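Asker: The following block contains the structure, expressed as structure tokens.
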Amino acid sequence: MTLLSSGAVRDRCNRLLALGLDGELPHFTVDLDRLPAVAARVIEVTRRRYPDFAVPLRSCWRLFEAGGVDRWDMLAGARGFADVREMGRTAFDLAILAGLTGAEPGPDWIYREEVTGLPLARAEGLAVATLAMLAGGFFSAAPADPLRADAHALMRLDLAELAEGFQAGAANPLDGLAARAALLTRLGEATGLRPDLFASADEPRPGGLFDLLLDEATQGPLPASRLLDLLQDGLAPVLPGSLTLDGLGLGDTGRHPRLVTGDATTGLVPLHMRLQAIAWSLVEPLAWAGLEVCDLDGLTGLADADTAGLFLDGGVLALRDPAAAAGPHAPDAELVVEWRALSVALLDRLAAHLRADMGATADTLPIGCILEGGTAAAGRQIAREKRPDGAPALAILREGTVF
């Protein structure tokens, strides 16, 4: 099994959870007796946010609806796409851009939307800013066709202009701005190098991946894991990370010495949060085109700071050294890798609790809906209860690429 797959993520995270349940991990203990209370909190939050329990998937499309304004619908309506391929390419461009730029911006950054006047923070602000830049042609090398992100424009991306697009500066600091710019530049390079994956009708662009999937879907439903496989194939060089195996970059993969496999992959813990988040966001544009994505739980849950914080603040996880919460810790630190991996595995346990309580199945309540319903909102809620500023349960360095 390749370490770039979602199956490898689930397998290795569950191996670390098994070690945690046996008390053999260096940084955290695990108490599954606390999981039902956490599940009850997630259900309560979900029912408040979605009273009819028609919960959509966790994706960038929810972020574009911040403040009750459906910005994508307005943009698509104004454009009047000529056909489903044109719509799909633009939607994929936007989802991939938003996914790569969506790491935590820091506590002091705010995006003030020009049209609505809304002040938007965190992931919502980043997503809406990215959509506004796309709408303004920031990522297009073709002035007559602004709603696109093509390889040439991405490779020529200017840091000062990106800062202006995000309204970032000394008075409005955005953590990891240069790292976000580097991700987008590498996205342009990777897109240009793989016309077999990203070529659309004219030139390479991230949204060209839609054409490939549209053609594949004529053979039947697309497994969700296929979306991640294609993203890994084309975008693995975009993501930072120094770990390689047989010359292949491993992307969002960390090290943990307690995970022993007896082969060349020993100690390696894949997580792939950023690309899995993008994969979740590709499901809906495919559905708009009439294409079915099946086996959504082929992807794993996402251990973002809020969801992973839910397990820590909820007592399912406990730090052996409580002082370690203050950090800040690098995203690839052993303690953080352990925390994220345990959280991914615990999300599967949490999903089982929720489905049993609600008479649901993985088909009717996939883990992507549990995340949206869900876990991040419950994590933010409990963080506010425990800390006046609502700070995350564990302090992580925000470098603009992972968290």
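Order determines the names: the first chain of the structure tokens is A, the second B, and so forth; residues in each chain are numbered 1 upward, and ligands are numbered 1 upward as they are shown.
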DSSP on the backbone, then: every residue of region 75-182 of chain A marked alpha helix (DSSP H), written as a ChimeraX atom specification.
Answerer: /A:75-79,84-100,122-135,151-155,159-165,177-182
Asker: With N, CA and C atoms kept, could you save the residues just selected as a compact mmCIF listing (two decimals), in the first residue's frame?
Answerer:
```
# COMPACT_ATOMS: atom_id res chain seq x y z
N LEU A 75 -21.47 34.06 -8.51
CA LEU A 75 -20.41 34.14 -9.52
C LEU A 75 -20.76 33.30 -10.74
N ALA A 76 -21.22 32.07 -10.50
CA ALA A 76 -21.58 31.19 -11.62
C ALA A 76 -22.76 31.76 -12.40
N GLY A 77 -23.72 32.34 -11.69
CA GLY A 77 -24.87 32.93 -12.37
C GLY A 77 -24.48 34.11 -13.24
N ALA A 78 -23.58 34.93 -12.73
CA ALA A 78 -23.14 36.09 -13.51
C ALA A 78 -22.33 35.67 -14.73
N ARG A 79 -21.56 34.59 -14.58
CA ARG A 79 -20.72 34.14 -15.69
C ARG A 79 -21.57 33.47 -16.78
N VAL A 84 -20.96 22.25 -19.08
CA VAL A 84 -20.59 21.66 -17.80
C VAL A 84 -19.08 21.60 -17.63
N ARG A 85 -18.34 21.45 -18.72
CA ARG A 85 -16.88 21.41 -18.60
C ARG A 85 -16.32 22.76 -18.17
N GLU A 86 -16.85 23.83 -18.71
CA GLU A 86 -16.37 25.15 -18.32
C GLU A 86 -16.67 25.41 -16.84
N MET A 87 -17.86 25.03 -16.39
CA MET A 87 -18.20 25.18 -14.98
C MET A 87 -17.28 24.35 -14.10
N GLY A 88 -17.07 23.11 -14.50
CA GLY A 88 -16.27 22.20 -13.68
C GLY A 88 -14.83 22.64 -13.57
N ARG A 89 -14.25 23.12 -14.66
CA ARG A 89 -12.85 23.59 -14.61
C ARG A 89 -12.70 24.76 -13.64
N THR A 90 -13.62 25.72 -13.72
CA THR A 90 -13.53 26.87 -12.83
C THR A 90 -13.75 26.46 -11.38
N ALA A 91 -14.72 25.58 -11.14
CA ALA A 91 -14.97 25.11 -9.78
C ALA A 91 -13.76 24.37 -9.22
N PHE A 92 -13.13 23.54 -10.04
CA PHE A 92 -11.93 22.82 -9.60
C PHE A 92 -10.77 23.80 -9.36
N ASP A 93 -10.60 24.76 -10.27
CA ASP A 93 -9.57 25.78 -10.04
C ASP A 93 -9.75 26.40 -8.65
N LEU A 94 -10.97 26.82 -8.37
CA LEU A 94 -11.26 27.52 -7.12
C LEU A 94 -11.06 26.61 -5.92
N ALA A 95 -11.55 25.38 -5.98
CA ALA A 95 -11.42 24.46 -4.86
C ALA A 95 -9.96 24.15 -4.54
N ILE A 96 -9.15 23.97 -5.57
CA ILE A 96 -7.73 23.65 -5.35
C ILE A 96 -6.99 24.87 -4.80
N LEU A 97 -7.28 26.05 -5.34
CA LEU A 97 -6.66 27.27 -4.81
C LEU A 97 -7.03 27.47 -3.34
N ALA A 98 -8.31 27.36 -3.03
CA ALA A 98 -8.76 27.58 -1.66
C ALA A 98 -8.18 26.53 -0.71
N GLY A 99 -8.07 25.30 -1.20
CA GLY A 99 -7.51 24.25 -0.36
C GLY A 99 -6.05 24.49 -0.03
N LEU A 100 -5.29 24.98 -0.99
CA LEU A 100 -3.86 25.19 -0.76
C LEU A 100 -3.58 26.44 0.08
N ARG A 122 -10.28 33.66 9.86
CA ARG A 122 -9.92 32.25 9.74
C ARG A 122 -10.20 31.72 8.33
N ALA A 123 -10.68 30.46 8.27
CA ALA A 123 -10.83 29.80 6.97
C ALA A 123 -11.84 30.51 6.08
N GLU A 124 -12.90 31.07 6.68
CA GLU A 124 -13.91 31.76 5.87
C GLU A 124 -13.30 32.96 5.17
N GLY A 125 -12.52 33.75 5.89
CA GLY A 125 -11.90 34.92 5.28
C GLY A 125 -10.95 34.55 4.16
N LEU A 126 -10.13 33.51 4.38
CA LEU A 126 -9.18 33.07 3.36
C LEU A 126 -9.92 32.60 2.11
N ALA A 127 -10.98 31.82 2.30
CA ALA A 127 -11.72 31.29 1.16
C ALA A 127 -12.39 32.41 0.36
N VAL A 128 -13.04 33.33 1.06
CA VAL A 128 -13.74 34.41 0.37
C VAL A 128 -12.73 35.32 -0.35
N ALA A 129 -11.58 35.56 0.27
CA ALA A 129 -10.54 36.35 -0.39
C ALA A 129 -10.05 35.65 -1.65
N THR A 130 -9.87 34.34 -1.59
CA THR A 130 -9.41 33.59 -2.76
C THR A 130 -10.44 33.65 -3.88
N LEU A 131 -11.72 33.51 -3.51
CA LEU A 131 -12.78 33.60 -4.53
C LEU A 131 -12.79 34.99 -5.16
N ALA A 132 -12.62 36.03 -4.35
CA ALA A 132 -12.62 37.39 -4.89
C ALA A 132 -11.45 37.59 -5.85
N MET A 133 -10.29 37.03 -5.51
CA MET A 133 -9.15 37.15 -6.41
C MET A 133 -9.39 36.42 -7.72
N LEU A 134 -9.98 35.23 -7.64
CA LEU A 134 -10.30 34.49 -8.86
C LEU A 134 -11.29 35.30 -9.71
N ALA A 135 -12.32 35.85 -9.08
CA ALA A 135 -13.33 36.62 -9.82
C ALA A 135 -12.71 37.84 -10.48
N ALA A 151 -1.51 27.89 -15.44
CA ALA A 151 -0.13 27.65 -15.01
C ALA A 151 0.73 28.90 -15.14
N HIS A 152 0.59 29.63 -16.24
CA HIS A 152 1.46 30.78 -16.48
C HIS A 152 1.25 31.86 -15.43
N ALA A 153 0.01 32.17 -15.11
CA ALA A 153 -0.27 33.21 -14.12
C ALA A 153 0.21 32.78 -12.74
N LEU A 154 0.02 31.53 -12.39
CA LEU A 154 0.44 31.05 -11.07
C LEU A 154 1.95 31.10 -10.93
N MET A 155 2.67 30.74 -11.98
CA MET A 155 4.13 30.75 -11.90
C MET A 155 4.69 32.16 -11.80
N LEU A 159 4.24 38.31 -4.80
CA LEU A 159 3.94 38.25 -3.36
C LEU A 159 3.21 39.51 -2.90
N ALA A 160 3.64 40.67 -3.37
CA ALA A 160 3.00 41.91 -2.94
C ALA A 160 1.54 41.96 -3.40
N GLU A 161 1.28 41.48 -4.60
CA GLU A 161 -0.09 41.48 -5.10
C GLU A 161 -0.95 40.47 -4.34
N LEU A 162 -0.36 39.32 -3.97
CA LEU A 162 -1.10 38.35 -3.18
C LEU A 162 -1.42 38.93 -1.81
N ALA A 163 -0.46 39.64 -1.22
CA ALA A 163 -0.72 40.29 0.07
C ALA A 163 -1.88 41.28 -0.06
N GLU A 164 -1.91 42.02 -1.15
CA GLU A 164 -3.01 42.96 -1.36
C GLU A 164 -4.34 42.23 -1.49
N GLY A 165 -4.33 41.10 -2.20
CA GLY A 165 -5.55 40.33 -2.36
C GLY A 165 -6.09 39.80 -1.04
N LEU A 177 2.24 34.01 4.85
CA LEU A 177 1.90 34.57 3.54
C LEU A 177 2.88 34.09 2.47
N ALA A 178 4.18 34.16 2.76
CA ALA A 178 5.18 33.73 1.77
C ALA A 178 5.05 32.25 1.47
N ALA A 179 4.72 31.44 2.47
CA ALA A 179 4.54 30.01 2.25
C ALA A 179 3.34 29.74 1.36
N ARG A 180 2.27 30.51 1.53
CA ARG A 180 1.09 30.36 0.67
C ARG A 180 1.43 30.73 -0.77
N ALA A 181 2.19 31.82 -0.93
CA ALA A 181 2.60 32.22 -2.27
C ALA A 181 3.45 31.14 -2.93
N ALA A 182 4.35 30.54 -2.15
CA ALA A 182 5.21 29.48 -2.69
C ALA A 182 4.38 28.27 -3.11
```
Asker: Residues within 12 Å of Leu230 (chain A), please, as a count of residues only. Count only C-alpha atoms; anything in the same chain fewer than 3 positions from it doesn't count.
Answerer: 29
Asker: Rank A:Thr375, A:Thr253, A:Gln167, A:Ser59 by their smallest atom-to-atom distance to Val336 (chain A), using only C-alpha atoms, and report the top residue only.
Answerer: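 With only C-alpha atoms as the atom set, the closest residue is A:Thr253.
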Asker: For Gly400 (chain A), list every protein, DNA or RNA residue within 8 Å, evaluated using only C-alpha atoms, and leave out those in the same chain fewer than 6 positions away; present the list as number ranges by chain.
Answerer: A: 101-105, 175-177, 179-180
Asker: What would the file look like if the residues just selected were written as a PDB file, in the first residue's frame with N, CA and C atoms?
Answerer:
```pdb
ATOM      1  N   THR A 101      -4.468  27.413   0.056  1.00  0.00           N
ATOM      2  CA  THR A 101      -4.220  28.659   0.798  1.00  0.00           C
ATOM      3  C   THR A 101      -4.964  28.706   2.124  1.00  0.00           C
ATOM      4  N   GLY A 102      -5.617  27.591   2.514  1.00  0.00           N
ATOM      5  CA  GLY A 102      -6.559  27.650   3.625  1.00  0.00           C
ATOM      6  C   GLY A 102      -6.032  27.336   5.003  1.00  0.00           C
ATOM      7  N   ALA A 103      -4.713  27.203   5.194  1.00  0.00           N
ATOM      8  CA  ALA A 103      -4.189  26.950   6.541  1.00  0.00           C
ATOM      9  C   ALA A 103      -4.453  28.152   7.445  1.00  0.00           C
ATOM     10  N   GLU A 104      -4.490  27.910   8.750  1.00  0.00           N
ATOM     11  CA  GLU A 104      -4.838  28.950   9.726  1.00  0.00           C
ATOM     12  C   GLU A 104      -4.062  30.251   9.480  1.00  0.00           C
ATOM     13  N   PRO A 105      -4.771  31.393   9.437  1.00  0.00           N
ATOM     14  CA  PRO A 105      -4.107  32.663   9.119  1.00  0.00           C
ATOM     15  C   PRO A 105      -3.513  33.382  10.321  1.00  0.00           C
ATOM     16  N   ASP A 175      -0.309  35.049   8.923  1.00  0.00           N
ATOM     17  CA  ASP A 175       0.760  34.080   9.130  1.00  0.00           C
ATOM     18  C   ASP A 175       0.993  33.268   7.853  1.00  0.00           C
ATOM     19  N   GLY A 176       2.258  33.058   7.509  1.00  0.00           N
ATOM     20  CA  GLY A 176       2.605  32.173   6.404  1.00  0.00           C
ATOM     21  C   GLY A 176       2.261  32.707   5.033  1.00  0.00           C
ATOM     22  N   LEU A 177       2.241  34.013   4.850  1.00  0.00           N
ATOM     23  CA  LEU A 177       1.904  34.565   3.536  1.00  0.00           C
ATOM     24  C   LEU A 177       2.884  34.088   2.472  1.00  0.00           C
ATOM     25  N   ALA A 179       4.717  31.444   2.474  1.00  0.00           N
ATOM     26  CA  ALA A 179       4.536  30.010   2.255  1.00  0.00           C
ATOM     27  C   ALA A 179       3.335  29.744   1.359  1.00  0.00           C
ATOM     28  N   ARG A 180       2.268  30.515   1.531  1.00  0.00           N
ATOM     29  CA  ARG A 180       1.091  30.358   0.667  1.00  0.00           C
ATOM     30  C   ARG A 180       1.435  30.733  -0.773  1.00  0.00           C
TER      31      ARG A 180
END
```
Asker: So how far away is CA of Ala277 (chain A) from CA of Ala330 (chain A), in Å?
Answerer: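 Result for CA of Ala330 (chain A) versus CA of Ala277 (chain A): 20.6 Å, one decimal.
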Asker: Restricting the calculation to only C-alpha atoms, which member of A:Gly220, A:Asp31, A:Ala305, A:Val402 is positioned closest to Glu292 (chain A)?
Answerer: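 Looking only at the distances to Glu292 (chain A), the closest residue turns out to be A:Gly220.
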